[in-house]
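The structure appears below as structure tokens.
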There are 2 protein chains.
Amino acid sequence: MSLIRRASPLAALMLTLSAAAPLPAAAAPALTPAVLTEARALRERARSDDTAYELVRSLTTEVGPRLAGTPGDAAAVAWAIRTLKSLGFQNVRAEPVTVPRWVRGEARAEIVAPWPQPLVATSLGGSVGTPVGGIEAEVVPITTFDDLKSMPRERVEGRIVFFTFRMERSRDGAGYGKAAEARGRGAAEAAKLGAVGMVMRSAGTSTSRTPHTGAQRWSDGIPPIPAMALSNPDADLLEQQLASGKPVRLRLASTARWDGEAESANVVGEIPGEGLADEIVLLGAHLDSWDLGTGAHDDATGVGIITAAVKLAAEARPRPKRTLRVVFFANEEFGLSGARAYAAAHANAIERHVLGMESDLGAFQPFGLTARVASDRLPLVRAMQSVVEPLGIEYLGTEASGGADLGSLRELGMPVLDIKTDAAPYFDLHHTANDTFDKVDPQLVRVNVAAFAAIAYLAAQAEGGFGRLPAVARLVGPASAR
Amino acid sequence: MSLIRRASPLAALMLTLSAAAPLPAAAAPALTPAVLTEARALRERARSDDTAYELVRSLTTEVGPRLAGTPGDAAAVAWAIRTLKSLGFQNVRAEPVTVPRWVRGEARAEIVAPWPQPLVATSLGGSVGTPVGGIEAEVVPITTFDDLKSMPRERVEGRIVFFTFRMERSRDGAGYGKAAEARGRGAAEAAKLGAVGMVMRSAGTSTSRTPHTGAQRWSDGIPPIPAMALSNPDADLLEQQLASGKPVRLRLASTARWDGEAESANVVGEIPGEGLADEIVLLGAHLDSWDLGTGAHDDATGVGIITAAVKLAAEARPRPKRTLRVVFFANEEFGLSGARAYAAAHANAIERHVLGMESDLGAFQPFGLTARVASDRLPLVRAMQSVVEPLGIEYLGTEASGGADLGSLRELGMPVLDIKTDAAPYFDLHHTANDTFDKVDPQLVRVNVAAFAAIAYLAAQAEGGFGRLPAVARLVGPASAR
């Protein structure tokens with residue numbers, strides 16, 4: 001995933017509304033006993049099924065890194081179409097998406113004074129390169145944006161700003177938002193004050209020398225400056241040298257550059273329902289990845305989990321009434337191009353999207369289910385949650401976001417559920433070279449498939465659906481490239 | 001450290017001899033009650049002293065990587081002299097050592113077929129580079145040297161041999177010897193069969209994409225081939241592709257090269273004893289490091305631990321009778337140049353070296369003391385061990401090696417003690433980019449200082465010393481560059 005969305009004012013309002021009515025936890029009549037029994041059996045079958053794990057192995061081994069617009073991205077689209085067809089999905093298709101193309105090139109960072117040492121760094125996604133030969137300047141450490149704002153221009157001008165904010169590990173990934181804020185707009189804010197470069201402590205919790213990349217944003221009119229992330233140990237080293245009180249100078253060199261646009265695709269496949277085939281339960285993940293690792297937890301596991309979940313749910317009896325659709329979104333990481341394209345292409349069918357769910361936090365232990373549905377459908381959600389409770393999944397309220405790729409659809413009125421998973425190990429790997437297949441635990445993949453399969457099956461059967469959310473006026477929501 | 005020495009036939013003989021006599025654990029008369037009491041107090045004082053930790057911080061921050069023959073190596077020698085003098089050591093001096101100079105350059109490895117992917121690799125120490133543009137060949141996986149030996153030449157000729165042996169984590173680091181064997185002579189053995197290149201799974205237990213470097217050896221007359229280590233995740237990926245049964249081709253490119261010799265130095269400092277000043281208790285560590293990290297656990301912690309231990313022991317009362325000498329050896333990593341030079345320079349004073357100890361396994365939890373001393377002095381060792389037992393240190397027998405840098409002195413007859421520490425976390429970091437200061441736990445540094453300080457103090461006071469070991473005939477032992 002590229003970001004954790006903050007709760008919108010709309011979300012806060014809905015939270016208030018739904019909190020006002022006590023919710024019965026008993027099974028709702030929308031689900032028959034036969035369906036509930038089959039959902040439990042499906043959950044157990046999924047716990048001994050390695051379809052998803054094998055898909056993760058295949059995507060990371062046979063495709064690997066797949067940054068939007070690269071040959072790996074094109075190979076991933078071909079892989080996805082081939083894979084969905086081989087698993088019996090129908091209406092498998094690539095829906096075109098135009099993506100920006102950015103080339104990482106090489107990044108070098110070194111301390112040149114007071115004590116010369118090389119640093120391990122990587123360019124932030126979308127960064128410009130340096131002039132040939134690099135740039136050299138004194139470092140100004142900044143902990144918060146407020147510090148930067150209160151700093152006189154002459155302290156920053158001509159210097160390299162170093163954002164020192166350190167993300168802490170937590171189950172809900174709470175620290176990521178603030179860390180990613182520096183990544184998203186730190187360079188632009190520093191450039192406004194005349195900085196010639198920006199480095200940041202990685203927006204992640206890895207203690208390894210594997211820096212965290214990710215997208216940054218630029219406001220119009222500010223000439224861009226080169227921006228890099230240092231691994232946590234390298235940020236520590238830079239802080240140690242700064243602690244000496246001596247002026248610290250850095251040299252940065254980067255060949256990062258933009259390279260126009262490319263064609264990519266959202267890949268869609270489905271298992272048509274029987275009885276309510278026009279109604280869609282959408283399961284999403286993203287097919288692209290950053291280029292440093294092989295995108296194992298971000299988001300090959302999501303691709304594997306939703307694919308296996310739908311395949312297993314389709315085999316359940318009674319058959320799913322609604323159509324189960326998987327969407328592998330293009331270019332989530334670098335601007336949500338696929339999410340926007342899907343929303344635009346399917347806006348006229350938005351009412352047929354009964355529910356959406358996304359898997360984009362890796363394959364770690366699930367602990368909760370949140371919902372954003374019509375408030376009178378919450379009893380149905382509670383009944384669904386009771387089926388996955390043996391997996392360790394509690395009902396955790398109405399703050400579901402749907403995830404980055406479903407945000408636009410949610411804002412058009414599509415209800416969403418989130419299966420919350422342990423984000424602490426995820427942010428040890430996320431957007432680094434260490435996001436590789438060896439870090440994927442098959443047991444945790446199965447648990448996630450079990451949760452998605454059971455919930456998707458129940459959603460495909462539930463009489464009356466999940467209602468609609470109030471549509472935000474815009475067709476495409478405010479999710480800008482970050 | 002660069003290697004774990006296997007027990008020699010001599011060691012096996014000594015083990016047999018000493019095992020024959022049951023050892024009393026009671027205090028030996030060689031240590032007075034006043035000395036034992038002070039040693040316990042010294043142990044406790046050391047547990048709240050951060051001299052060593054601050055030395056590690058200083059060396060890793062103000063010098064950083066210090067591969068033999070580089071500017072960092074020269075800076076480390078200057079740092080060491082400055083530091084020992086500032087701490088009150090006497091007779092501080094640099095004793096010249098000629099070291100080989102090798103330049104890592106850049107290493108690139110990529111799978112080109114069946115599924116192209118980049119790999120994270122680093123050249124093994126001493127590897128030659130590739131021709132400009134690199135080499136490309138099919139991969140032949142090899143698990144053991146026996147597999148290689150039984151392989152027909154036509155299976156290897158013109159190919160890149162991939163050593164797949166995986167080191168397991170263990171407290172005693174037992175798997176390292178076999179892993180390092182592939183590193184040491186794998187390329188040479190493959191070259192004998194006509195291989196054009198060699199890659200190996202890193203000789204370490206890191207799950208991070210930080211490959212493990214280390215020295216390799218060449219037999220005369222075999223034209224060298226480029227040799228690289230892949231990180232464990234990258235070795236996994238290569239194995240995944242090989243598991244497809246399709247031919248796997250690699251491209252390797254490296255600018256590694258040899259660059260003659262350079263002058264470095266062993267740095268020596270001491271606290272003269274009172275009463276037996278001619279007798280030396282030697283504490284060793286190595287000043288050089290590999291270049292990928294900052295040599296924090298390998299071996300800045302050793303430098304810090306022995307320095308702080310001697311400083312604290314010198315402050316104990318009654319004063320140490322024997323001279324406490326620290327030796328920071330040059331170029332342990334790439335041929336033990338400093339160990340050889342010290343042994344040669346001090347051979348005529350070998351009888352005055354009463355005991356040697358080395359710290360070169362990082363700063364992790366100590367769990368044992370082993371001794372190689374005259375067998376009638378083992379009761380003294382047991383009495384010394386009882387003082388450090390509260391630190392978690394058991395008496396573990398007579399298999400002490402003295403460590404890599406003291407091997408030559410031991411073979412000349414100097415008795416040695418080893419303080420055994422947990423090697424499992426060490427080999428997660430050893431010889432990788434992750435061997436950095438942030439991985440150093442100040443509490444564990446203190447525990448190690450407490451152990452070294454108490455043992456060194458007791459060794460400096462013990463009446464009668466530790467006897468002599470049977471001298472091996474050669475002046476310089478069989479420790480070849482590996």
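Ligands are numbered from 1 in the order shown, chains are lettered A, B, ... in the order of the structure tokens, and residues start at 1 in each chain.
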For chain B, work out the contacting residues on chain A at 7 Å, counting only C-alpha atoms, and write them as a PyMOL selection string. chain A and resi 61-64+115+117+208-209+233+237+240-241+433-434+436+438
Could you dump the residues just selected with C-alpha atoms as a PDB file, in the first residue's frame?
ATOM      1  CA  THR A  61       9.796 -15.672  -8.824  1.00  0.00           C
ATOM      2  CA  GLU A  62       8.587 -15.408 -12.400  1.00  0.00           C
ATOM      3  CA  VAL A  63       7.964 -11.658 -12.500  1.00  0.00           C
ATOM      4  CA  GLY A  64       9.617 -10.046  -9.494  1.00  0.00           C
ATOM      5  CA  TRP A 115      34.069  12.253   9.269  1.00  0.00           C
ATOM      6  CA  GLN A 117      31.537   7.814   5.457  1.00  0.00           C
ATOM      7  CA  SER A 208      18.470  -3.156   8.221  1.00  0.00           C
ATOM      8  CA  ARG A 209      20.402  -1.014   5.766  1.00  0.00           C
ATOM      9  CA  PRO A 233      21.032   2.734  10.590  1.00  0.00           C
ATOM     10  CA  LEU A 237      24.955   7.474  11.805  1.00  0.00           C
ATOM     11  CA  GLN A 240      25.642  10.622  15.570  1.00  0.00           C
ATOM     12  CA  GLN A 241      27.827  12.896  13.484  1.00  0.00           C
ATOM     13  CA  ALA A 433      14.575  -4.438  -0.835  1.00  0.00           C
ATOM     14  CA  ASN A 434      13.562  -6.896   1.880  1.00  0.00           C
ATOM     15  CA  THR A 436      10.743 -10.724  -0.788  1.00  0.00           C
ATOM     16  CA  ASP A 438      11.256 -15.650   1.882  1.00  0.00           C
TER      17      ASP A 438
END
Spatial neighbours of range 34-36 of chain B, 12 Å, only C-alpha atoms, chain gap at least 3 places, as number ranges by chain: B: 27-31, 39-43, 313, 316-321, 380, 383-388, 454-463
Taking 2 positions as the minimum chain separation for residues in the same chain, which residues sit within 7 Å of Phe163 in chain B when counting only C-alpha atoms? Answer as a short mmCIF file (atom, residue, chain, number, x, y, z; two decimals) with N, CA, C and O atoms, in the first residue's frame.
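To be explicit, this is the file written out as around_14.cif:
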data_model
loop_
_atom_site.label_atom_id
_atom_site.label_comp_id
_atom_site.auth_asym_id
_atom_site.auth_seq_id
_atom_site.Cartn_x
_atom_site.Cartn_y
_atom_site.Cartn_z
N PRO B 141 24.10 -25.46 -9.65
CA PRO B 141 24.05 -25.43 -8.18
C PRO B 141 24.84 -26.58 -7.57
O PRO B 141 24.82 -27.70 -8.09
N ILE B 142 25.52 -26.27 -6.47
CA ILE B 142 26.37 -27.23 -5.77
C ILE B 142 26.09 -27.10 -4.27
O ILE B 142 26.11 -25.99 -3.75
N THR B 143 25.82 -28.19 -3.61
CA THR B 143 25.57 -28.10 -2.17
C THR B 143 26.84 -28.33 -1.37
O THR B 143 27.10 -27.65 -0.39
N VAL B 161 29.28 -21.57 -11.04
CA VAL B 161 28.93 -22.49 -9.95
C VAL B 161 28.27 -21.70 -8.82
O VAL B 161 28.72 -20.63 -8.44
N PHE B 165 24.98 -23.96 0.13
CA PHE B 165 24.97 -24.34 1.55
C PHE B 165 24.42 -23.21 2.42
O PHE B 165 24.83 -22.06 2.31
N ALA B 182 33.13 -22.77 1.77
CA ALA B 182 32.74 -22.47 0.39
C ALA B 182 33.30 -21.11 -0.01
O ALA B 182 33.77 -20.92 -1.14
N VAL B 199 29.16 -17.98 -7.52
CA VAL B 199 28.33 -17.24 -6.57
C VAL B 199 28.01 -18.19 -5.43
O VAL B 199 28.02 -19.41 -5.60
N MET B 200 27.78 -17.62 -4.26
CA MET B 200 27.47 -18.46 -3.11
C MET B 200 26.37 -17.82 -2.28
O MET B 200 26.20 -16.61 -2.28
N ARG B 201 25.59 -18.66 -1.60
CA ARG B 201 24.70 -18.18 -0.55
C ARG B 201 25.58 -17.60 0.55
O ARG B 201 26.58 -18.21 0.94
#
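For the residues A:Ala253, A:Leu469, A:Leu84, A:Ala262, ranking by smallest atom-to-atom distance to Leu67 in chain A using only C-alpha atoms places A:Ala262 first.
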Among B:Val103, B:Ala180, B:Met151, B:Ala187, Ile222 in chain B is approached most closely, using only C-alpha atoms, by B:Ala187
Go through range 137-348 of chain A and collect every residue that DSSP, computed from the backbone, puts in strand (DSSP E); the answer should be as a PyMOL selection string. chain A and resi 137-142+160-163+197-201+227-230+249-254+257-271+276-286+322-329
Hey, can you check how far CA of Leu361 in chain B sits from CA of Val327 in chain B?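 Value for the CA of Leu361 in chain B-CA of Val327 in chain B distance: 16.1 Å.
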Find the residues near range 283-289 of chain B: any atom within 6 Å, counting only C-alpha atoms, skip ones fewer than 2 places away on the same chain, and give them as a ChimeraX atom specification. /B:66-68,295,299,302-303,326-331,356-359
Just the selected residues (N, CA, C and O atoms), exported as a short mmCIF file (atom, residue, chain, number, x, y, z; two decimals), in the first residue's frame, please.
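Saved file selection-v9.cif follows:
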data_model
loop_
_atom_site.label_atom_id
_atom_site.label_comp_id
_atom_site.auth_asym_id
_atom_site.auth_seq_id
_atom_site.Cartn_x
_atom_site.Cartn_y
_atom_site.Cartn_z
N ARG B 66 36.92 0.42 7.74
CA ARG B 66 38.38 0.54 7.86
C ARG B 66 39.05 -0.72 7.32
O ARG B 66 39.81 -1.39 8.04
N LEU B 67 38.73 -1.01 6.10
CA LEU B 67 39.37 -2.14 5.42
C LEU B 67 40.86 -1.87 5.30
O LEU B 67 41.28 -0.74 5.02
N ALA B 68 41.65 -2.90 5.50
CA ALA B 68 43.11 -2.76 5.46
C ALA B 68 43.55 -2.01 4.22
O ALA B 68 43.12 -2.30 3.11
N GLY B 295 31.89 -2.01 10.93
CA GLY B 295 32.68 -2.88 11.79
C GLY B 295 32.34 -2.68 13.26
O GLY B 295 33.22 -2.59 14.10
N ASP B 299 35.16 -5.22 14.53
CA ASP B 299 35.38 -5.63 15.89
C ASP B 299 35.55 -4.40 16.77
O ASP B 299 36.38 -4.38 17.66
N GLY B 302 35.11 -5.30 20.27
CA GLY B 302 36.31 -5.91 20.87
C GLY B 302 37.30 -4.85 21.31
O GLY B 302 37.85 -4.92 22.42
N VAL B 303 37.53 -3.88 20.44
CA VAL B 303 38.44 -2.78 20.78
C VAL B 303 37.95 -2.06 22.04
O VAL B 303 38.73 -1.80 22.97
N VAL B 326 47.08 -4.05 25.68
CA VAL B 326 46.10 -4.23 24.61
C VAL B 326 46.83 -4.18 23.28
O VAL B 326 47.76 -3.39 23.08
N VAL B 327 46.41 -5.04 22.38
CA VAL B 327 46.92 -5.01 21.00
C VAL B 327 45.71 -4.94 20.07
O VAL B 327 44.83 -5.81 20.12
N PHE B 328 45.68 -3.86 19.28
CA PHE B 328 44.67 -3.75 18.22
C PHE B 328 45.35 -4.22 16.94
O PHE B 328 46.18 -3.52 16.37
N PHE B 329 45.01 -5.40 16.50
CA PHE B 329 45.70 -6.00 15.36
C PHE B 329 45.24 -5.37 14.04
O PHE B 329 44.05 -5.09 13.84
N ALA B 330 46.19 -5.22 13.15
CA ALA B 330 45.90 -4.77 11.79
C ALA B 330 45.42 -5.95 10.95
O ALA B 330 45.83 -7.09 11.17
N ASN B 331 44.56 -5.65 10.01
CA ASN B 331 44.18 -6.60 8.96
C ASN B 331 43.97 -8.03 9.43
O ASN B 331 44.59 -8.97 8.93
N GLY B 356 46.96 -14.83 27.04
CA GLY B 356 46.30 -14.01 26.02
C GLY B 356 44.80 -14.25 25.99
O GLY B 356 44.33 -15.36 26.27
N MET B 357 44.06 -13.19 25.67
CA MET B 357 42.60 -13.27 25.50
C MET B 357 42.23 -12.34 24.35
O MET B 357 42.82 -11.28 24.18
N GLU B 358 41.20 -12.73 23.62
CA GLU B 358 40.78 -11.92 22.47
C GLU B 358 39.28 -11.67 22.55
O GLU B 358 38.54 -12.54 23.00
N SER B 359 38.84 -10.52 22.09
CA SER B 359 37.41 -10.24 21.95
C SER B 359 37.12 -9.98 20.48
O SER B 359 37.47 -8.92 19.94
#
Which of range 110-304 of chain B counts as helix (DSSP H, G or I) under DSSP, as number ranges by chain please? B: 145-149, 153-156, 176-192, 232-242, 296-304
